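So this block is work_24.cif, mmCIF, N, CA and C atoms:
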```
data_target
#
loop_
_atom_site.label_atom_id
_atom_site.label_comp_id
_atom_site.auth_asym_id
_atom_site.auth_seq_id
_atom_site.Cartn_x
_atom_site.Cartn_y
_atom_site.Cartn_z
N MET A 1176 131.13 147.39 -38.83
CA MET A 1176 132.12 146.64 -39.56
C MET A 1176 132.34 147.34 -40.90
N TYR A 1177 133.60 147.41 -41.32
CA TYR A 1177 133.95 148.12 -42.55
C TYR A 1177 134.85 147.27 -43.44
N HIS A 1178 134.65 147.43 -44.74
CA HIS A 1178 135.58 146.91 -45.72
C HIS A 1178 136.40 148.11 -46.17
N LEU A 1179 137.71 148.06 -45.93
CA LEU A 1179 138.61 149.16 -46.28
C LEU A 1179 139.63 148.67 -47.29
N VAL A 1180 139.96 149.52 -48.26
CA VAL A 1180 141.00 149.22 -49.23
C VAL A 1180 141.95 150.41 -49.26
N PHE A 1181 143.23 150.14 -49.04
CA PHE A 1181 144.25 151.18 -49.06
C PHE A 1181 145.24 150.89 -50.18
N PRO A 1182 145.30 151.74 -51.20
CA PRO A 1182 146.34 151.57 -52.22
C PRO A 1182 147.66 152.16 -51.74
N LEU A 1183 148.75 151.57 -52.20
CA LEU A 1183 150.07 152.10 -51.86
C LEU A 1183 150.34 153.34 -52.70
N LYS A 1184 151.21 154.19 -52.20
CA LYS A 1184 151.58 155.41 -52.91
C LYS A 1184 152.11 155.04 -54.29
N TYR A 1185 151.65 155.75 -55.29
CA TYR A 1185 152.02 155.56 -56.69
C TYR A 1185 151.66 154.16 -57.21
N ARG A 1186 150.84 153.43 -56.45
CA ARG A 1186 150.45 152.05 -56.81
C ARG A 1186 151.68 151.18 -57.06
N LYS A 1187 152.74 151.47 -56.32
CA LYS A 1187 153.98 150.70 -56.46
C LYS A 1187 153.77 149.28 -55.93
N ASN A 1188 154.39 148.32 -56.58
CA ASN A 1188 154.33 146.92 -56.15
C ASN A 1188 155.40 146.68 -55.10
N VAL A 1189 155.04 146.91 -53.85
CA VAL A 1189 156.00 146.90 -52.75
C VAL A 1189 155.77 145.76 -51.76
N ILE A 1190 154.54 145.35 -51.57
CA ILE A 1190 154.25 144.37 -50.53
C ILE A 1190 154.67 142.97 -50.98
N THR A 1191 155.50 142.37 -50.15
CA THR A 1191 155.98 141.02 -50.39
C THR A 1191 155.39 140.09 -49.33
N GLU A 1192 155.70 138.83 -49.42
CA GLU A 1192 155.23 137.88 -48.41
C GLU A 1192 155.78 138.26 -47.03
N ASP A 1193 157.05 138.66 -46.99
CA ASP A 1193 157.69 139.03 -45.72
C ASP A 1193 157.07 140.29 -45.12
N SER A 1194 156.92 141.34 -45.93
CA SER A 1194 156.32 142.57 -45.41
C SER A 1194 154.83 142.37 -45.11
N GLY A 1195 154.17 141.45 -45.81
CA GLY A 1195 152.78 141.11 -45.51
C GLY A 1195 152.65 140.48 -44.13
N GLN A 1196 153.60 139.62 -43.78
CA GLN A 1196 153.60 139.01 -42.45
C GLN A 1196 153.86 140.05 -41.37
N THR A 1197 154.73 141.01 -41.68
CA THR A 1197 154.98 142.11 -40.74
C THR A 1197 153.72 142.94 -40.55
N LEU A 1198 152.99 143.16 -41.63
CA LEU A 1198 151.73 143.91 -41.55
C LEU A 1198 150.75 143.22 -40.60
N ILE A 1199 150.66 141.89 -40.64
CA ILE A 1199 149.79 141.15 -39.72
C ILE A 1199 150.19 141.44 -38.28
N SER A 1200 151.47 141.34 -38.00
CA SER A 1200 151.95 141.58 -36.63
C SER A 1200 151.62 142.98 -36.16
N ILE A 1201 151.82 143.95 -37.02
CA ILE A 1201 151.52 145.34 -36.67
C ILE A 1201 150.03 145.49 -36.38
N CYS A 1202 149.20 144.89 -37.21
CA CYS A 1202 147.74 145.00 -37.01
C CYS A 1202 147.29 144.31 -35.73
N LYS A 1203 147.91 143.18 -35.39
CA LYS A 1203 147.57 142.50 -34.14
C LYS A 1203 147.90 143.39 -32.94
N GLU A 1204 149.06 144.04 -32.97
CA GLU A 1204 149.43 144.96 -31.90
C GLU A 1204 148.49 146.15 -31.86
N LEU A 1205 148.14 146.65 -33.04
CA LEU A 1205 147.23 147.79 -33.14
C LEU A 1205 145.88 147.45 -32.52
N SER A 1206 145.38 146.25 -32.75
CA SER A 1206 144.07 145.88 -32.20
C SER A 1206 144.11 145.72 -30.68
N GLU A 1207 145.29 145.46 -30.13
CA GLU A 1207 145.42 145.38 -28.67
C GLU A 1207 145.37 146.76 -28.02
N ARG A 1208 145.82 147.78 -28.75
CA ARG A 1208 145.88 149.14 -28.19
C ARG A 1208 144.66 149.98 -28.52
N TYR A 1209 143.97 149.66 -29.60
CA TYR A 1209 142.82 150.46 -30.05
C TYR A 1209 141.61 149.54 -30.16
N GLU A 1210 140.44 150.11 -30.24
CA GLU A 1210 139.22 149.31 -30.37
C GLU A 1210 138.93 149.04 -31.85
N ILE A 1211 139.90 148.44 -32.49
CA ILE A 1211 139.79 148.05 -33.90
C ILE A 1211 140.13 146.57 -33.98
N GLU A 1212 139.20 145.79 -34.47
CA GLU A 1212 139.42 144.34 -34.60
C GLU A 1212 139.55 144.00 -36.08
N PHE A 1213 140.64 143.35 -36.45
CA PHE A 1213 140.87 142.95 -37.84
C PHE A 1213 140.26 141.56 -38.05
N ILE A 1214 139.18 141.51 -38.82
CA ILE A 1214 138.50 140.26 -39.10
C ILE A 1214 139.24 139.51 -40.21
N GLU A 1215 139.64 140.25 -41.23
CA GLU A 1215 140.41 139.66 -42.32
C GLU A 1215 141.31 140.70 -42.95
N ILE A 1216 142.48 140.26 -43.38
CA ILE A 1216 143.44 141.13 -44.07
C ILE A 1216 143.91 140.36 -45.29
N GLY A 1217 143.94 141.02 -46.43
CA GLY A 1217 144.46 140.42 -47.65
C GLY A 1217 145.18 141.48 -48.46
N HIS A 1218 146.10 141.04 -49.30
CA HIS A 1218 146.84 142.04 -50.08
C HIS A 1218 147.21 141.53 -51.46
N GLU A 1219 147.43 142.47 -52.31
CA GLU A 1219 148.15 142.27 -53.55
C GLU A 1219 149.40 143.11 -53.38
N SER A 1220 150.26 143.13 -54.34
CA SER A 1220 151.53 143.82 -54.16
C SER A 1220 151.40 145.33 -54.06
N ASN A 1221 150.24 145.89 -54.51
CA ASN A 1221 150.12 147.36 -54.50
C ASN A 1221 148.90 147.89 -53.75
N HIS A 1222 148.18 147.05 -53.03
CA HIS A 1222 147.09 147.52 -52.18
C HIS A 1222 146.70 146.45 -51.16
N VAL A 1223 146.01 146.89 -50.11
CA VAL A 1223 145.62 145.99 -49.01
C VAL A 1223 144.13 146.12 -48.74
N HIS A 1224 143.47 145.00 -48.51
CA HIS A 1224 142.07 144.95 -48.12
C HIS A 1224 141.99 144.60 -46.64
N PHE A 1225 141.17 145.33 -45.92
CA PHE A 1225 140.92 145.04 -44.50
C PHE A 1225 139.43 144.87 -44.30
N LEU A 1226 139.04 143.89 -43.53
CA LEU A 1226 137.68 143.78 -43.02
C LEU A 1226 137.84 144.01 -41.52
N VAL A 1227 137.36 145.17 -41.04
CA VAL A 1227 137.58 145.55 -39.65
C VAL A 1227 136.27 145.82 -38.95
N GLN A 1228 136.31 145.67 -37.64
CA GLN A 1228 135.17 145.98 -36.80
C GLN A 1228 135.66 146.91 -35.71
N SER A 1229 134.82 147.88 -35.37
CA SER A 1229 135.17 148.81 -34.32
C SER A 1229 133.91 149.26 -33.59
N VAL A 1230 134.12 150.04 -32.55
CA VAL A 1230 133.01 150.55 -31.77
C VAL A 1230 132.32 151.69 -32.53
N PRO A 1231 131.02 151.88 -32.33
CA PRO A 1231 130.29 152.91 -33.07
C PRO A 1231 130.80 154.34 -32.85
N LYS A 1232 131.39 154.61 -31.69
CA LYS A 1232 131.86 155.97 -31.42
C LYS A 1232 133.10 156.35 -32.23
N MET A 1233 133.73 155.38 -32.87
CA MET A 1233 134.94 155.63 -33.64
C MET A 1233 134.57 155.84 -35.10
N ALA A 1234 134.83 157.04 -35.62
CA ALA A 1234 134.50 157.36 -37.01
C ALA A 1234 135.41 156.59 -37.96
N VAL A 1235 134.90 156.29 -39.14
CA VAL A 1235 135.70 155.55 -40.12
C VAL A 1235 136.98 156.32 -40.46
N SER A 1236 136.92 157.64 -40.51
CA SER A 1236 138.12 158.43 -40.80
C SER A 1236 139.18 158.26 -39.71
N GLU A 1237 138.75 158.11 -38.47
CA GLU A 1237 139.68 157.89 -37.36
C GLU A 1237 140.29 156.49 -37.45
N ILE A 1238 139.49 155.51 -37.82
CA ILE A 1238 139.99 154.14 -38.00
C ILE A 1238 141.04 154.12 -39.10
N VAL A 1239 140.72 154.75 -40.24
CA VAL A 1239 141.63 154.79 -41.38
C VAL A 1239 142.93 155.49 -41.00
N ARG A 1240 142.82 156.64 -40.37
CA ARG A 1240 144.01 157.42 -39.98
C ARG A 1240 144.89 156.60 -39.03
N THR A 1241 144.28 155.92 -38.08
CA THR A 1241 145.04 155.12 -37.12
C THR A 1241 145.77 153.98 -37.82
N ILE A 1242 145.05 153.24 -38.64
CA ILE A 1242 145.66 152.10 -39.34
C ILE A 1242 146.77 152.57 -40.27
N LYS A 1243 146.47 153.58 -41.08
CA LYS A 1243 147.47 154.05 -42.05
C LYS A 1243 148.73 154.57 -41.38
N SER A 1244 148.58 155.40 -40.37
CA SER A 1244 149.76 156.03 -39.78
C SER A 1244 150.65 155.01 -39.07
N ILE A 1245 150.05 154.13 -38.29
CA ILE A 1245 150.86 153.17 -37.52
C ILE A 1245 151.48 152.12 -38.43
N THR A 1246 150.71 151.59 -39.37
CA THR A 1246 151.28 150.56 -40.25
C THR A 1246 152.40 151.14 -41.12
N ALA A 1247 152.23 152.34 -41.64
CA ALA A 1247 153.27 152.94 -42.48
C ALA A 1247 154.55 153.17 -41.67
N ARG A 1248 154.40 153.76 -40.50
CA ARG A 1248 155.58 154.05 -39.66
C ARG A 1248 156.34 152.77 -39.33
N GLU A 1249 155.60 151.74 -38.93
CA GLU A 1249 156.24 150.49 -38.52
C GLU A 1249 156.82 149.71 -39.70
N LEU A 1250 156.13 149.71 -40.84
CA LEU A 1250 156.68 149.04 -42.02
C LEU A 1250 157.96 149.72 -42.49
N PHE A 1251 158.02 151.04 -42.46
CA PHE A 1251 159.24 151.75 -42.82
C PHE A 1251 160.37 151.43 -41.83
N ARG A 1252 160.02 151.33 -40.56
CA ARG A 1252 161.03 151.05 -39.54
C ARG A 1252 161.56 149.62 -39.65
N LEU A 1253 160.66 148.67 -39.86
CA LEU A 1253 161.05 147.26 -39.88
C LEU A 1253 161.54 146.77 -41.25
N HIS A 1254 161.16 147.48 -42.30
CA HIS A 1254 161.58 147.14 -43.67
C HIS A 1254 162.11 148.40 -44.36
N PRO A 1255 163.31 148.84 -44.01
CA PRO A 1255 163.83 150.09 -44.60
C PRO A 1255 163.96 150.05 -46.13
N GLU A 1256 164.03 148.85 -46.69
CA GLU A 1256 164.11 148.74 -48.15
C GLU A 1256 162.86 149.27 -48.83
N ILE A 1257 161.73 149.25 -48.13
CA ILE A 1257 160.48 149.75 -48.70
C ILE A 1257 160.57 151.25 -48.94
N LYS A 1258 161.18 151.96 -48.01
CA LYS A 1258 161.27 153.41 -48.13
C LYS A 1258 162.04 153.82 -49.39
N SER A 1259 163.03 153.03 -49.77
CA SER A 1259 163.80 153.35 -50.98
C SER A 1259 162.99 153.13 -52.25
N MET A 1260 161.94 152.30 -52.18
CA MET A 1260 161.09 152.05 -53.34
C MET A 1260 160.05 153.15 -53.55
N LEU A 1261 159.75 153.88 -52.47
CA LEU A 1261 158.73 154.94 -52.51
C LEU A 1261 159.41 156.27 -52.23
N TRP A 1262 159.22 157.23 -53.09
CA TRP A 1262 159.80 158.54 -52.84
C TRP A 1262 158.76 159.44 -52.19
N GLY A 1263 159.20 160.40 -51.44
CA GLY A 1263 158.27 161.33 -50.81
C GLY A 1263 157.90 160.98 -49.38
N GLY A 1264 158.34 159.83 -48.89
CA GLY A 1264 158.12 159.49 -47.49
C GLY A 1264 156.74 158.97 -47.13
N ASN A 1265 155.89 158.67 -48.10
CA ASN A 1265 154.56 158.14 -47.82
C ASN A 1265 154.46 156.69 -48.26
N PHE A 1266 153.83 155.87 -47.43
CA PHE A 1266 153.60 154.47 -47.78
C PHE A 1266 152.27 154.32 -48.50
N TRP A 1267 151.21 154.88 -47.91
CA TRP A 1267 149.86 154.78 -48.47
C TRP A 1267 149.56 156.00 -49.33
N SER A 1268 148.70 155.82 -50.32
CA SER A 1268 148.20 156.97 -51.07
C SER A 1268 147.23 157.73 -50.17
N SER A 1269 146.89 158.95 -50.54
CA SER A 1269 146.01 159.76 -49.68
C SER A 1269 144.57 159.25 -49.70
N GLY A 1270 144.18 158.52 -50.72
CA GLY A 1270 142.81 158.04 -50.82
C GLY A 1270 142.63 156.66 -50.21
N PHE A 1271 141.37 156.26 -50.09
CA PHE A 1271 141.03 154.92 -49.61
C PHE A 1271 139.60 154.62 -50.00
N TYR A 1272 139.25 153.36 -49.95
CA TYR A 1272 137.88 152.92 -50.17
C TYR A 1272 137.35 152.42 -48.84
N ALA A 1273 136.14 152.82 -48.49
CA ALA A 1273 135.50 152.33 -47.26
C ALA A 1273 134.04 152.07 -47.53
N ASN A 1274 133.55 150.96 -47.03
CA ASN A 1274 132.15 150.63 -47.16
C ASN A 1274 131.73 149.89 -45.90
N THR A 1275 130.52 150.14 -45.47
CA THR A 1275 130.01 149.42 -44.31
C THR A 1275 129.54 148.04 -44.73
N VAL A 1276 129.59 147.13 -43.80
CA VAL A 1276 129.09 145.79 -44.04
C VAL A 1276 127.71 145.74 -43.42
N GLY A 1277 126.71 145.45 -44.26
CA GLY A 1277 125.33 145.48 -43.77
C GLY A 1277 124.47 144.42 -44.42
N LEU A 1278 123.20 144.72 -44.52
CA LEU A 1278 122.21 143.76 -45.01
C LEU A 1278 122.53 143.21 -46.40
N TYR A 1279 122.87 144.09 -47.35
CA TYR A 1279 123.07 143.65 -48.73
C TYR A 1279 124.53 143.32 -49.04
N ALA A 1280 125.40 143.66 -48.17
CA ALA A 1280 126.81 143.31 -48.33
C ALA A 1280 127.29 142.80 -46.98
N GLY A 1281 126.78 141.64 -46.60
CA GLY A 1281 127.09 141.07 -45.30
C GLY A 1281 128.52 140.60 -45.19
N LYS A 1282 128.86 140.17 -43.99
CA LYS A 1282 130.22 139.76 -43.69
C LYS A 1282 130.73 138.70 -44.65
N GLU A 1283 129.93 137.68 -44.94
CA GLU A 1283 130.39 136.60 -45.82
C GLU A 1283 130.57 137.08 -47.26
N VAL A 1284 129.69 137.96 -47.73
CA VAL A 1284 129.82 138.51 -49.09
C VAL A 1284 131.12 139.29 -49.21
N ILE A 1285 131.38 140.15 -48.23
CA ILE A 1285 132.61 140.95 -48.25
C ILE A 1285 133.83 140.05 -48.08
N ARG A 1286 133.74 139.08 -47.19
CA ARG A 1286 134.87 138.16 -46.98
C ARG A 1286 135.22 137.44 -48.28
N LYS A 1287 134.20 136.95 -49.00
CA LYS A 1287 134.45 136.28 -50.28
C LYS A 1287 135.02 137.25 -51.31
N TYR A 1288 134.52 138.50 -51.31
CA TYR A 1288 135.05 139.51 -52.23
C TYR A 1288 136.52 139.75 -51.95
N VAL A 1289 136.87 139.95 -50.69
CA VAL A 1289 138.27 140.19 -50.32
C VAL A 1289 139.11 138.97 -50.69
N GLU A 1290 138.60 137.79 -50.42
CA GLU A 1290 139.33 136.56 -50.71
C GLU A 1290 139.58 136.38 -52.20
N ASN A 1291 138.62 136.81 -53.03
CA ASN A 1291 138.74 136.61 -54.47
C ASN A 1291 139.47 137.73 -55.19
N GLN A 1292 139.91 138.75 -54.47
CA GLN A 1292 140.65 139.82 -55.11
C GLN A 1292 141.99 139.31 -55.61
N GLY A 1293 142.33 139.73 -56.80
CA GLY A 1293 143.66 139.47 -57.34
C GLY A 1293 144.00 138.02 -57.59
N LYS A 1294 143.03 137.21 -57.94
CA LYS A 1294 143.33 135.81 -58.23
C LYS A 1294 144.41 135.72 -59.32
N GLU A 1295 144.39 136.67 -60.22
CA GLU A 1295 145.40 136.68 -61.28
C GLU A 1295 146.74 137.17 -60.76
N ASP A 1296 146.74 137.96 -59.68
CA ASP A 1296 147.97 138.51 -59.12
C ASP A 1296 148.37 137.76 -57.85
N LYS A 1297 147.97 136.51 -57.72
CA LYS A 1297 148.34 135.67 -56.59
C LYS A 1297 147.96 136.30 -55.26
N TYR A 1298 146.68 136.60 -55.11
CA TYR A 1298 146.17 137.14 -53.85
C TYR A 1298 146.56 136.23 -52.70
N GLN A 1299 146.97 136.83 -51.60
CA GLN A 1299 147.33 136.06 -50.42
C GLN A 1299 146.51 136.52 -49.24
N LYS A 1300 145.71 135.65 -48.71
CA LYS A 1300 145.00 135.95 -47.46
C LYS A 1300 146.05 135.84 -46.37
N ILE A 1301 146.28 136.93 -45.64
CA ILE A 1301 147.37 136.92 -44.68
C ILE A 1301 146.91 136.95 -43.24
N HIS A 1302 145.60 137.10 -43.02
CA HIS A 1302 145.12 137.08 -41.65
C HIS A 1302 143.62 136.85 -41.65
N SER A 1303 143.14 136.10 -40.67
CA SER A 1303 141.72 135.90 -40.49
C SER A 1303 141.47 135.77 -39.00
N ASN A 1304 140.37 136.33 -38.51
CA ASN A 1304 140.09 136.32 -37.09
C ASN A 1304 138.59 136.16 -36.87
N GLN A 1305 138.21 135.76 -35.69
CA GLN A 1305 136.80 135.61 -35.32
C GLN A 1305 136.18 136.97 -35.07
N LEU A 1306 134.93 137.09 -35.39
CA LEU A 1306 134.16 138.29 -35.12
C LEU A 1306 133.97 138.45 -33.62
N LYS A 1307 134.18 139.66 -33.11
CA LYS A 1307 134.00 139.92 -31.69
C LYS A 1307 132.91 140.96 -31.50
N LEU A 1308 132.12 140.80 -30.49
CA LEU A 1308 131.09 141.79 -30.15
C LEU A 1308 131.63 142.67 -29.05
N PHE A 1309 131.55 143.98 -29.26
CA PHE A 1309 132.04 144.92 -28.25
C PHE A 1309 130.94 145.30 -27.32
#
```
What is this structure when it is put down as structure tokens?
Amino acid sequence: MYHLVFPLKYRKNVITEDSGQTLISICKELSERYEIEFIEIGHESNHVHFLVQSVPKMAVSEIVRTIKSITARELFRLHPEIKSMLWGGNFWSSGFYANTVGLYAGKEVIRKYVENQGKEDKYQKIHSNQLKLF
């Protein structure tokens, strides 16, 4: 299980309630095609937090690449107005934060951390799912 944080390119404030709902739909479809389960998704206007679970054979870099590429392509396709806000054709910045969820940072600790992000910036929890064992 991983806690992932993806900042938007140039830290632009692009994610709205509507595009956040689209992101949920994209992630649900993504989890049906890949062995990536989205436990929780939350966002502020310029970055997204994911709590994801996957199979051990899938490297975190592969998980990140899969999520970033598919969500960016689909958000640009379904919300063309976003592309005009970002120049250079990239949705996500090249960097990301990833941490494993383990003994000292268990699922509930990370879930509360994700939930409490951006209280000042009107954090919106946009998806929550049950933990699945593969």
**OP:** Would you list the contacts of range 1189-1204 of chain A as a ChimeraX atom specification, taking every protein, DNA or RNA residue within 8 Å and counting all atoms listed in the file, but skipping same-chain residues closer than 4 positions in sequence?
**Re:** /A:1183,1208-1209,1211-1213,1216,1218-1222,1242,1245-1246,1249-1250,1253-1254,1257,1260-1261,1301-1302
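Here the PyMOL selection byres (((chain A and resi 1289 and name CA) around 9) and name CA) catches exactly these residues: A:His1178, A:Glu1215, A:Ile1216, A:Gly1217, A:His1218, A:His1224, A:Phe1225, A:Leu1226, A:Val1284, A:Ile1285, A:Arg1286, A:Lys1287, A:Tyr1288, A:Glu1290, A:Asn1291, A:Gln1292, A:Gly1293, A:Lys1300.
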Subject >> Atomic distance atom N of Asn1188 in chain A - atom N of Gly1264 in chain A, expressed in Å with one decimal >> reply: 14.4 Å
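You can rank A:Pro1255, A:Leu1205, A:Lys1232, A:Val1239 by their closest distance to Asn1274 in chain A using only C-alpha atoms, and at the top of that list sits A:Val1239.
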Subject >> Residues selected by the PyMOL selection byres (((chain A and resi 1176 and name CA) around 6) and name CA), written as a ChimeraX atom specification >> reply: /A:1177,1227-1228,1275-1276
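Counting only N, CA and C atoms, the residue from A:Glu1210, A:Val1223, A:Asn1265, A:Lys1282 that sits nearest to Tyr1185 in chain A is A:Asn1265.
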**OP:** Can you work out the spacing between atom N of Glu1207 in chain A and atom C of Ala1247 in chain A in Å, to one decimal?
**Re:** 16.7 Å
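Note that atom N of Ser1269 in chain A and atom C of Ser1236 in chain A are 13.3 Å apart.
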**OP:** List every residue of chain A that DSSP, applied to the backbone of this structure, places in strand (DSSP E or B), and write the result as JSON, numbers by chain.
**Re:** {"A": [1177, 1178, 1179, 1180, 1181, 1182, 1183, 1211, 1212, 1213, 1214, 1215, 1216, 1217, 1218, 1219, 1222, 1223, 1224, 1225, 1226, 1227, 1228, 1229, 1267, 1272, 1273, 1274, 1275, 1299, 1300, 1301, 1302, 1303]}
Secondary structure check, helix (DSSP H, G or I) residues of range 1200-1274 of chain A, as a short mmCIF file (atom, residue, chain, number, x, y, z; two decimals) with N, CA and C atoms, in the coordinates of the input:
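The resulting result_34.cif:
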```
data_model
loop_
_atom_site.label_atom_id
_atom_site.label_comp_id
_atom_site.auth_asym_id
_atom_site.auth_seq_id
_atom_site.Cartn_x
_atom_site.Cartn_y
_atom_site.Cartn_z
N SER A 1200 151.47 141.34 -38.00
CA SER A 1200 151.95 141.58 -36.63
C SER A 1200 151.62 142.98 -36.16
N ILE A 1201 151.82 143.95 -37.02
CA ILE A 1201 151.52 145.34 -36.67
C ILE A 1201 150.03 145.49 -36.38
N CYS A 1202 149.20 144.89 -37.21
CA CYS A 1202 147.74 145.00 -37.01
C CYS A 1202 147.29 144.31 -35.73
N LYS A 1203 147.91 143.18 -35.39
CA LYS A 1203 147.57 142.50 -34.14
C LYS A 1203 147.90 143.39 -32.94
N GLU A 1204 149.06 144.04 -32.97
CA GLU A 1204 149.43 144.96 -31.90
C GLU A 1204 148.49 146.15 -31.86
N LEU A 1205 148.14 146.65 -33.04
CA LEU A 1205 147.23 147.79 -33.14
C LEU A 1205 145.88 147.45 -32.52
N SER A 1206 145.38 146.25 -32.75
CA SER A 1206 144.07 145.88 -32.20
C SER A 1206 144.11 145.72 -30.68
N GLU A 1207 145.29 145.46 -30.13
CA GLU A 1207 145.42 145.38 -28.67
C GLU A 1207 145.37 146.76 -28.02
N ARG A 1208 145.82 147.78 -28.75
CA ARG A 1208 145.88 149.14 -28.19
C ARG A 1208 144.66 149.98 -28.52
N VAL A 1235 134.90 156.29 -39.14
CA VAL A 1235 135.70 155.55 -40.12
C VAL A 1235 136.98 156.32 -40.46
N SER A 1236 136.92 157.64 -40.51
CA SER A 1236 138.12 158.43 -40.80
C SER A 1236 139.18 158.26 -39.71
N GLU A 1237 138.75 158.11 -38.47
CA GLU A 1237 139.68 157.89 -37.36
C GLU A 1237 140.29 156.49 -37.45
N ILE A 1238 139.49 155.51 -37.82
CA ILE A 1238 139.99 154.14 -38.00
C ILE A 1238 141.04 154.12 -39.10
N VAL A 1239 140.72 154.75 -40.24
CA VAL A 1239 141.63 154.79 -41.38
C VAL A 1239 142.93 155.49 -41.00
N ARG A 1240 142.82 156.64 -40.37
CA ARG A 1240 144.01 157.42 -39.98
C ARG A 1240 144.89 156.60 -39.03
N THR A 1241 144.28 155.92 -38.08
CA THR A 1241 145.04 155.12 -37.12
C THR A 1241 145.77 153.98 -37.82
N ILE A 1242 145.05 153.24 -38.64
CA ILE A 1242 145.66 152.10 -39.34
C ILE A 1242 146.77 152.57 -40.27
N LYS A 1243 146.47 153.58 -41.08
CA LYS A 1243 147.47 154.05 -42.05
C LYS A 1243 148.73 154.57 -41.38
N SER A 1244 148.58 155.40 -40.37
CA SER A 1244 149.76 156.03 -39.78
C SER A 1244 150.65 155.01 -39.07
N ILE A 1245 150.05 154.13 -38.29
CA ILE A 1245 150.86 153.17 -37.52
C ILE A 1245 151.48 152.12 -38.43
N THR A 1246 150.71 151.59 -39.37
CA THR A 1246 151.28 150.56 -40.25
C THR A 1246 152.40 151.14 -41.12
N ALA A 1247 152.23 152.34 -41.64
CA ALA A 1247 153.27 152.94 -42.48
C ALA A 1247 154.55 153.17 -41.67
N ARG A 1248 154.40 153.76 -40.50
CA ARG A 1248 155.58 154.05 -39.66
C ARG A 1248 156.34 152.77 -39.33
N GLU A 1249 155.60 151.74 -38.93
CA GLU A 1249 156.24 150.49 -38.52
C GLU A 1249 156.82 149.71 -39.70
N LEU A 1250 156.13 149.71 -40.84
CA LEU A 1250 156.68 149.04 -42.02
C LEU A 1250 157.96 149.72 -42.49
N PHE A 1251 158.02 151.04 -42.46
CA PHE A 1251 159.24 151.75 -42.82
C PHE A 1251 160.37 151.43 -41.83
N ARG A 1252 160.02 151.33 -40.56
CA ARG A 1252 161.03 151.05 -39.54
C ARG A 1252 161.56 149.62 -39.65
N LEU A 1253 160.66 148.67 -39.86
CA LEU A 1253 161.05 147.26 -39.88
C LEU A 1253 161.54 146.77 -41.25
N PRO A 1255 163.31 148.84 -44.01
CA PRO A 1255 163.83 150.09 -44.60
C PRO A 1255 163.96 150.05 -46.13
N GLU A 1256 164.03 148.85 -46.69
CA GLU A 1256 164.11 148.74 -48.15
C GLU A 1256 162.86 149.27 -48.83
N ILE A 1257 161.73 149.25 -48.13
CA ILE A 1257 160.48 149.75 -48.70
C ILE A 1257 160.57 151.25 -48.94
N LYS A 1258 161.18 151.96 -48.01
CA LYS A 1258 161.27 153.41 -48.13
C LYS A 1258 162.04 153.82 -49.39
N SER A 1259 163.03 153.03 -49.77
CA SER A 1259 163.80 153.35 -50.98
C SER A 1259 162.99 153.13 -52.25
N MET A 1260 161.94 152.30 -52.18
CA MET A 1260 161.09 152.05 -53.34
C MET A 1260 160.05 153.15 -53.55
#
```
